[in-house]
$ cat model_33.csv   # CSV, C-alpha atoms
chain,number,residue,atom,x,y,z
Z,1,MET,CA,36.3,-2.8,-11.3
Z,2,GLU,CA,34.9,-0.1,-9.1
Z,3,ASN,CA,31.3,-1.0,-9.9
Z,4,GLU,CA,32.0,-4.7,-9.1
Z,5,LEU,CA,33.5,-3.8,-5.8
Z,6,LYS,CA,30.5,-1.7,-5.0
Z,7,VAL,CA,28.2,-4.5,-5.9
Z,8,ALA,CA,30.2,-6.9,-3.7
Z,9,LEU,CA,30.1,-4.6,-0.7
Z,10,LEU,CA,26.5,-3.4,-1.0
Z,11,LEU,CA,24.8,-6.6,-2.2
Z,12,TRP,CA,26.8,-9.8,-1.6
Z,13,ALA,CA,28.5,-8.9,1.6
Z,14,PRO,CA,25.2,-8.2,3.4
Z,15,LEU,CA,24.0,-11.6,2.4
Z,16,GLY,CA,27.2,-13.0,3.9
Z,17,LEU,CA,26.4,-11.2,7.1
Z,18,VAL,CA,23.0,-12.9,7.1
Z,19,PHE,CA,24.5,-16.4,6.9
Z,20,VAL,CA,27.1,-15.5,9.6
Z,21,SER,CA,24.2,-14.3,11.8
Z,22,PHE,CA,22.4,-17.6,11.2
Z,23,GLY,CA,25.5,-19.6,12.2
Z,24,LEU,CA,25.9,-17.5,15.4
Z,25,GLN,CA,22.4,-18.5,16.6
Z,26,PHE,CA,23.7,-22.0,17.3
Z,27,ARG,CA,26.3,-20.7,19.7
Z,28,LYS,CA,25.6,-21.1,23.4
Z,29,ASP,CA,26.9,-17.7,24.2
Z,30,SER,CA,24.0,-15.3,24.4
Z,31,ALA,CA,26.3,-12.3,23.6
Z,32,ALA,CA,27.2,-14.0,20.3
Z,33,GLN,CA,23.6,-14.7,19.5
Z,34,LYS,CA,22.7,-11.0,20.1
Z,35,PHE,CA,25.6,-9.9,18.0
Z,36,GLY,CA,24.5,-12.3,15.3
Z,37,LYS,CA,21.0,-10.9,15.3
Z,38,PHE,CA,22.4,-7.4,15.1
Z,39,ILE,CA,24.6,-8.0,12.1
Z,40,GLY,CA,21.9,-10.1,10.5
Z,41,GLY,CA,19.5,-7.2,10.7
Z,42,ILE,CA,22.1,-4.8,9.2
Z,43,GLY,CA,22.7,-7.3,6.4
Z,44,ILE,CA,19.0,-7.7,5.6
Z,45,LEU,CA,18.5,-3.9,5.6
Z,46,VAL,CA,21.5,-3.2,3.4
Z,47,PHE,CA,20.5,-5.9,1.0
Z,48,CYS,CA,16.9,-4.7,0.8
Z,49,VAL,CA,18.1,-1.3,-0.4
Z,50,SER,CA,20.6,-2.7,-2.9
Z,51,PHE,CA,18.2,-2.1,-5.8
Z,52,LEU,CA,18.7,1.6,-5.0
Z,53,THR,CA,22.4,1.6,-4.2
Z,54,VAL,CA,23.6,-0.7,-7.0
Z,55,PRO,CA,20.7,-0.7,-9.6
Z,56,SER,CA,23.2,-1.6,-12.4
Z,57,SER,CA,23.6,-5.2,-11.0
Z,58,PRO,CA,21.1,-7.7,-12.4
Z,59,SER,CA,21.0,-9.4,-9.0
Z,60,ALA,CA,19.6,-6.2,-7.5
Z,61,ALA,CA,16.3,-7.3,-9.0
Z,62,ALA,CA,16.1,-9.8,-6.1
Z,63,SER,CA,16.1,-7.1,-3.5
Z,64,ALA,CA,13.5,-5.1,-5.4
Z,65,LEU,CA,11.2,-8.2,-5.4
Z,66,LEU,CA,11.9,-8.8,-1.7
Z,67,VAL,CA,10.8,-5.3,-0.8
Z,68,GLY,CA,7.8,-5.5,-3.1
Z,69,ILE,CA,6.4,-8.7,-1.7
Z,70,LEU,CA,7.2,-8.1,1.9
Z,71,PRO,CA,3.9,-6.4,2.9
Z,72,SER,CA,1.7,-9.0,1.2
Z,73,THR,CA,3.7,-12.1,2.5
Z,74,THR,CA,3.9,-10.6,6.0
Z,75,LEU,CA,0.1,-10.2,6.1
Z,76,MET,CA,-0.4,-13.7,4.7
Z,77,PHE,CA,1.8,-15.6,7.1
Z,78,LEU,CA,0.9,-13.6,10.1
Z,79,GLY,CA,-2.8,-13.9,9.3
Z,80,LEU,CA,-2.5,-17.7,8.7
Z,81,TYR,CA,-0.6,-18.1,12.0
Z,82,ILE,CA,-3.4,-16.3,13.9
Z,83,ALA,CA,-6.1,-18.2,12.2
Z,84,LEU,CA,-4.5,-21.6,12.9
Z,85,PHE,CA,-3.6,-21.0,16.5
Z,86,SER,CA,-6.8,-19.5,17.7
Z,87,GLY,CA,-9.9,-21.3,18.7
Z,88,ASP,CA,-10.4,-24.8,20.2
Z,89,VAL,CA,-7.0,-26.3,19.4
Z,90,PRO,CA,-4.5,-27.9,21.9
Z,91,VAL,CA,-1.8,-25.4,21.1
Z,92,ARG,CA,-3.9,-22.3,21.1
Z,93,ARG,CA,-2.0,-19.0,21.2
Z,94,PHE,CA,-4.8,-16.5,20.5
Z,95,SER,CA,-8.4,-15.8,21.5
Z,96,PRO,CA,-11.1,-17.4,19.2
Z,97,LYS,CA,-12.3,-13.9,18.4
Z,98,LEU,CA,-9.1,-13.2,16.5
Z,99,ARG,CA,-9.6,-16.1,14.0
Z,100,PRO,CA,-11.7,-13.9,11.6
Z,101,ILE,CA,-9.1,-11.2,11.8
Z,102,GLY,CA,-6.4,-13.7,10.9
Z,103,LEU,CA,-8.4,-14.9,7.9
Z,104,LEU,CA,-9.0,-11.4,6.8
Z,105,MET,CA,-5.3,-10.6,7.0
Z,106,PHE,CA,-4.5,-13.7,4.9
Z,107,VAL,CA,-7.1,-12.7,2.3
Z,108,VAL,CA,-5.9,-9.1,2.1
Z,109,GLY,CA,-2.2,-10.2,1.8
Z,110,PHE,CA,-3.1,-12.7,-0.9
Z,111,ALA,CA,-5.2,-10.2,-2.8
Z,112,LEU,CA,-2.3,-7.7,-2.7
Z,113,LEU,CA,0.1,-10.4,-4.0
Z,114,GLU,CA,-2.3,-11.4,-6.8
Z,115,ALA,CA,-2.9,-7.7,-7.7
Z,116,MET,CA,0.8,-7.4,-8.5
Z,117,HIS,CA,0.3,-10.1,-11.1
Z,118,TRP,CA,-3.0,-9.1,-12.6
Z,119,MET,CA,-3.0,-5.3,-12.3
Z,120,GLY,CA,-0.3,-2.9,-13.6
Z,121,SER,CA,-1.2,-0.1,-11.3
Z,122,ASP,CA,1.3,2.6,-10.1
Z,123,TRP,CA,0.3,2.2,-6.4
Z,124,LEU,CA,1.2,-1.5,-6.4
Z,125,PRO,CA,4.8,-2.8,-6.2
Z,126,SER,CA,6.0,-3.5,-9.7
Z,127,THR,CA,7.0,-6.9,-11.0
Z,128,MET,CA,9.1,-5.3,-13.8
Z,129,TRP,CA,12.8,-4.8,-13.7
Z,130,ASP,CA,14.9,-3.1,-16.4
Z,131,GLY,CA,12.1,-2.9,-18.8
Z,132,GLU,CA,11.0,-6.6,-18.6
Z,133,THR,CA,9.3,-9.0,-16.1
Z,134,ASN,CA,11.5,-9.5,-13.1
Z,135,ARG,CA,13.0,-13.0,-13.5
Z,136,PHE,CA,13.0,-13.5,-9.8
Z,137,TRP,CA,9.2,-12.9,-9.8
Z,138,MET,CA,8.8,-15.7,-12.4
Z,139,ILE,CA,10.7,-17.9,-10.0
Z,140,PHE,CA,8.9,-16.8,-6.8
Z,141,LYS,CA,5.3,-16.6,-7.9
Z,142,PRO,CA,4.8,-20.2,-9.4
Z,143,THR,CA,7.0,-21.8,-6.7
Z,144,PHE,CA,5.1,-19.9,-3.9
Z,145,LEU,CA,1.6,-20.8,-5.1
Z,146,LEU,CA,2.5,-24.4,-5.9
Z,147,ALA,CA,4.4,-25.0,-2.6
Z,148,MET,CA,1.8,-23.2,-0.5
Z,149,SER,CA,-1.2,-25.0,-2.1
Z,150,SER,CA,0.6,-28.4,-1.8
Z,151,PHE,CA,1.6,-28.0,1.8
Z,152,LEU,CA,-1.6,-26.5,3.0
Z,153,LEU,CA,-3.7,-29.3,1.4
Z,154,ALA,CA,-1.4,-31.9,2.8
Z,155,GLY,CA,-1.4,-30.2,6.2
Z,156,GLY,CA,-5.2,-30.2,6.2
Z,157,TYR,CA,-5.3,-33.9,5.5
Z,158,LEU,CA,-2.8,-34.7,8.2
Z,159,VAL,CA,-4.4,-32.4,10.8
Z,160,ASN,CA,-7.8,-34.0,10.0
Z,161,LEU,CA,-6.4,-37.4,10.9
Z,162,ILE,CA,-5.4,-36.2,14.4
Z,163,GLY,CA,-8.9,-35.7,15.7
Z,164,GLN,CA,-12.2,-33.9,15.6
Z,165,ARG,CA,-11.1,-31.3,18.0
Z,166,ILE,CA,-9.1,-29.4,15.4
Z,167,SER,CA,-11.4,-30.0,12.5
Z,168,GLN,CA,-11.8,-26.2,12.1
Z,169,THR,CA,-8.0,-25.9,11.6
Z,170,SER,CA,-8.1,-28.5,8.8
Z,171,GLN,CA,-11.0,-26.7,7.2
Z,172,ILE,CA,-8.9,-23.5,7.1
Z,173,LEU,CA,-6.0,-25.4,5.6
Z,174,TYR,CA,-8.2,-26.9,3.0
Z,175,LEU,CA,-9.8,-23.6,2.1
Z,176,THR,CA,-6.6,-21.6,1.8
Z,177,GLY,CA,-4.8,-24.4,0.0
Z,178,GLY,CA,-7.6,-24.9,-2.5
Z,179,PHE,CA,-7.8,-21.2,-3.1
Z,180,SER,CA,-4.1,-21.0,-3.8
Z,181,PHE,CA,-4.3,-23.9,-6.2
Z,182,LEU,CA,-7.2,-22.3,-8.0
Z,183,LEU,CA,-5.2,-19.1,-8.5
Z,184,LEU,CA,-2.3,-21.1,-9.8
Z,185,ILE,CA,-4.5,-22.7,-12.4
Z,186,ILE,CA,-6.0,-19.4,-13.5
Z,187,SER,CA,-2.5,-17.9,-13.8
Z,188,VAL,CA,-1.5,-20.7,-16.1
Z,189,LEU,CA,-4.6,-20.2,-18.3
Z,190,VAL,CA,-5.0,-16.4,-18.4
Z,191,ASP,CA,-2.4,-13.7,-19.2
Z,192,GLY,CA,-1.4,-11.3,-16.5
Z,193,SER,CA,-0.8,-7.6,-16.8
Z,194,GLU,CA,2.9,-8.1,-17.5
Z,195,THR,CA,3.2,-11.9,-17.8
Z,196,MET,CA,2.1,-14.3,-20.6
Z,197,SER,CA,0.3,-17.5,-19.6
Z,198,GLU,CA,2.7,-19.6,-21.6
Z,199,GLU,CA,5.7,-18.1,-19.8
Z,200,PHE,CA,4.0,-18.7,-16.5
Z,201,HIS,CA,3.1,-22.3,-17.4
Z,202,THR,CA,6.8,-22.9,-18.2
Z,203,SER,CA,7.8,-21.4,-14.8
Z,204,VAL,CA,5.2,-23.7,-13.1
Z,205,LEU,CA,6.8,-26.7,-14.6
Z,206,TYR,CA,10.2,-25.6,-13.4
Z,207,ALA,CA,8.8,-24.9,-10.0
Z,208,ALA,CA,7.2,-28.4,-9.9
Z,209,SER,CA,10.5,-30.0,-10.8
Z,210,ASP,CA,12.3,-28.0,-8.1
Z,211,LEU,CA,9.8,-29.1,-5.5
Z,212,LEU,CA,10.0,-32.7,-6.6
Z,213,GLY,CA,13.7,-32.6,-6.5
Z,214,PHE,CA,13.6,-31.1,-3.0
Z,215,LEU,CA,11.3,-33.8,-1.8
Z,216,ALA,CA,13.3,-36.5,-3.5
Z,217,GLY,CA,16.4,-35.1,-1.8
Z,218,ILE,CA,14.7,-35.3,1.6
Z,219,GLY,CA,13.6,-38.8,0.9
Z,220,MET,CA,17.0,-39.9,-0.2
Z,221,THR,CA,18.5,-38.3,2.9
Z,222,ILE,CA,16.1,-40.2,5.1
Z,223,ILE,CA,16.8,-43.5,3.3
Z,224,CYS,CA,20.6,-43.0,3.5
Z,225,PHE,CA,20.4,-42.1,7.2
Z,226,SER,CA,18.2,-45.1,7.9
Z,227,LEU,CA,20.6,-47.4,6.1
Z,228,ALA,CA,23.6,-46.0,8.0
Z,229,ILE,CA,21.8,-46.7,11.3
Z,230,TRP,CA,20.8,-50.2,10.2
Z,231,GLN,CA,24.4,-51.0,9.2
Z,232,PHE,CA,25.7,-49.7,12.5
Z,233,GLU,CA,23.1,-51.7,14.5
Z,234,ARG,CA,23.7,-54.8,12.4
Z,235,LYS,CA,27.4,-54.9,13.1
Z,236,ARG,CA,27.1,-54.5,16.8
Z,237,PRO,CA,27.7,-57.7,18.8
Z,238,GLY,CA,24.7,-59.3,20.2
Z,239,LEU,CA,23.9,-59.1,23.9
Z,240,ASP,CA,24.6,-62.2,25.9
Z,241,LYS,CA,21.7,-63.8,27.7
Z,242,LEU,CA,21.8,-63.4,31.5
Z,243,PRO,CA,21.6,-66.5,33.6
Z,244,PRO,CA,18.5,-67.1,35.6
Z,245,PRO,CA,18.5,-65.7,39.2
Z,246,ASN,CA,19.6,-68.1,41.9
Z,247,SER,CA,17.7,-68.6,45.2
Z,248,GLU,CA,19.8,-66.0,47.1
Z,249,GLN,CA,18.9,-63.3,44.5
Z,250,LEU,CA,15.2,-64.3,44.5
Z,251,THR,CA,15.2,-64.0,48.3
Z,252,GLN,CA,16.9,-60.6,48.2
Z,253,ALA,CA,14.4,-59.4,45.5
Z,254,ALA,CA,11.4,-60.7,47.7
Z,255,ASN,CA,12.7,-58.8,50.7
Z,256,ILE,CA,13.1,-55.6,48.7
Z,257,ILE,CA,9.6,-55.9,47.4
Z,258,LYS,CA,8.2,-56.6,50.8
Z,259,ASN,CA,10.0,-53.6,52.4
Z,260,ASN,CA,8.7,-51.3,49.7
Z,261,LEU,CA,5.2,-52.6,49.2
Z,262,GLY,CA,4.4,-54.1,52.6
Z,263,GLY,CA,2.1,-57.0,53.3
Z,264,ASP,CA,2.3,-60.3,55.1
Z,265,ASP,CA,3.7,-63.6,53.8
Z,266,ASP,CA,0.2,-65.1,53.7
Z,267,GLU,CA,-1.1,-62.5,51.2

$ encode --input "model_33.csv" --output "structure tokens"
Amino acid sequence: MENELKVALLLWAPLGLVFVSFGLQFRKDSAAQKFGKFIGGIGILVFCVSFLTVPSSPSAAASALLVGILPSTTLMFLGLYIALFSGDVPVRRFSPKLRPIGLLMFVVGFALLEAMHWMGSDWLPSTMWDGETNRFWMIFKPTFLLAMSSFLLAGGYLVNLIGQRISQTSQILYLTGGFSFLLLIISVLVDGSETMSEEFHTSVLYAASDLLGFLAGIGMTIICFSLAIWQFERKRPGLDKLPPPNSEQLTQAANIIKNNLGGDDDE
């Protein structure tokens, strides 16, 4: 009982603070938003160290994985953000000189993440937990690669439709998305340092079903929302047609136009 209470206070309660923090961000009161950010930061910090404070809990493997992938994912997303929003784009945020640096950050972060899968080195964050492969790693890695490659390739196609001015951005999306998909295929075919290819293949199928379910849910939500609007608009009474203007109204409109636009009657 004491151990369960400790797990609840040091692992699940911090996650509750994060959700409360997220809800407070929708308040108009700035003080509430600041308080939400404060308790959210505390919650994330306490959760991240829960693999040290409550290592007996199986769920603590999630915090261990979060801490392990934090450096690589931060480099990847920050580098991709810099690479996409630098150069000749309408929403430029950075100098074009920073684009190679952004790409380098993305590659380094990706290499670090892949090294965790292929190399069992002591200087890399471990994907093991309690003597076996971290089950959250087997959920995160396939889903991350599959989702990132899909969204980057789709994003490159959509961006390419907008115009030639941002063709470089679409090329970056195609390049990073194709590279992610290639690594996904290699992981399915080749065993990693601590992961069998068959096990990874099964996880990829689960990840694909999760993503398809997610997209199907979004599609059903849009369809239901559209049907609700259509039913509401269909049941509304039609608007009555206005009668044509009479001579007095036409004269008044002509005077208003003449006073605002000027001109003579002969024009």

$ closest_residue --input "model_33.csv" --among "Z:Thr169, Z:Ser50, Z:Ser121, Z:Ser209" --to "Z:Arg92" --atoms "only C-alpha atoms"
Z:Thr169

$ atom_distance --input "model_33.csv" --atom1 "atom CA of Z:Ala115" --atom2 "atom CA of Z:Ser193"
9.3 Å

$ atom_distance --input "model_33.csv" --atom1 "atom CA of Z:Val107" --atom2 "atom CA of Z:Tyr81"
12.9 Å

$ residues_around --input "model_33.csv" --residues "Z:Met196" --least-positions-apart "6" --cutoff "9 Å" --atoms "all atoms listed in the file" --output "PyMOL selection string"
chain Z and resi 187-188+190

$ atom_distance --input "model_33.csv" --atom1 "atom CA of Z:Val18" --atom2 "atom CA of Z:Gly40"
4.5 Å

$ closest_residue --input "model_33.csv" --among "Z:Ser95, Z:Gln33, Z:Thr195, Z:Thr74" --to "Z:Trp137" --atoms "only C-alpha atoms"
Z:Thr195

$ closest_residue --input "model_33.csv" --among "Z:Gly36, Z:Gly155, Z:Pro142, Z:Gly16" --to "Z:His117" --atoms "only C-alpha atoms"
Z:Pro142

$ residues_around --input "model_33.csv" --residues "Z:Leu146" --least-positions-apart "5" --cutoff "12 Å" --atoms "only C-alpha atoms" --output "list in words"
Ile139, Phe140, Lys141, Phe151, Leu152, Leu153, Gly177, Gly178, Phe179, Ser180, Phe181, Leu182, Leu183, Leu184, Ile185, Ser187, Val188, His201, Ser203, Val204, Leu205, Tyr206, Ala207, Ala208, Ser209, Asp210, Leu211 and Leu212 of chain Z

$ residues_around --input "model_33.csv" --residues "Z:Cys48" --least-positions-apart "3" --cutoff "8 Å" --atoms "all atoms listed in the file" --output "list in words"
Ile44, Leu45, Phe51, Ser63, Ala64, Leu66 and Val67 of chain Z

$ closest_residue --input "model_33.csv" --among "Z:Val46, Z:Leu11, Z:Ile82, Z:Leu98" --to "Z:Ala61" --atoms "only C-alpha atoms"
Z:Leu11

$ residues_around --input "model_33.csv" --residues "Z:Val20" --least-positions-apart "3" --cutoff "12 Å" --atoms "all atoms listed in the file" --output "PyMOL selection string"
chain Z and resi 13-17+23-27+32-33+35-44

$ residues_around --input "model_33.csv" --residues "Z:Trp118" --least-positions-apart "4" --cutoff "8 Å" --atoms "all atoms listed in the file" --output "list in words"
Glu114, Gly192, Ser193 and Glu194 of chain Z

$ residues_near_point --input "model_33.csv" --point "(-4.6, -11.5, 3.6)" --cutoff "10 Å" --atoms "only C-alpha atoms" --output "count of residues only"
23

$ closest_residue --input "model_33.csv" --among "Z:Pro237, Z:Gly120, Z:Pro243, Z:Pro125" --to "Z:Gly68" --atoms "all atoms listed in the file"
Z:Pro125
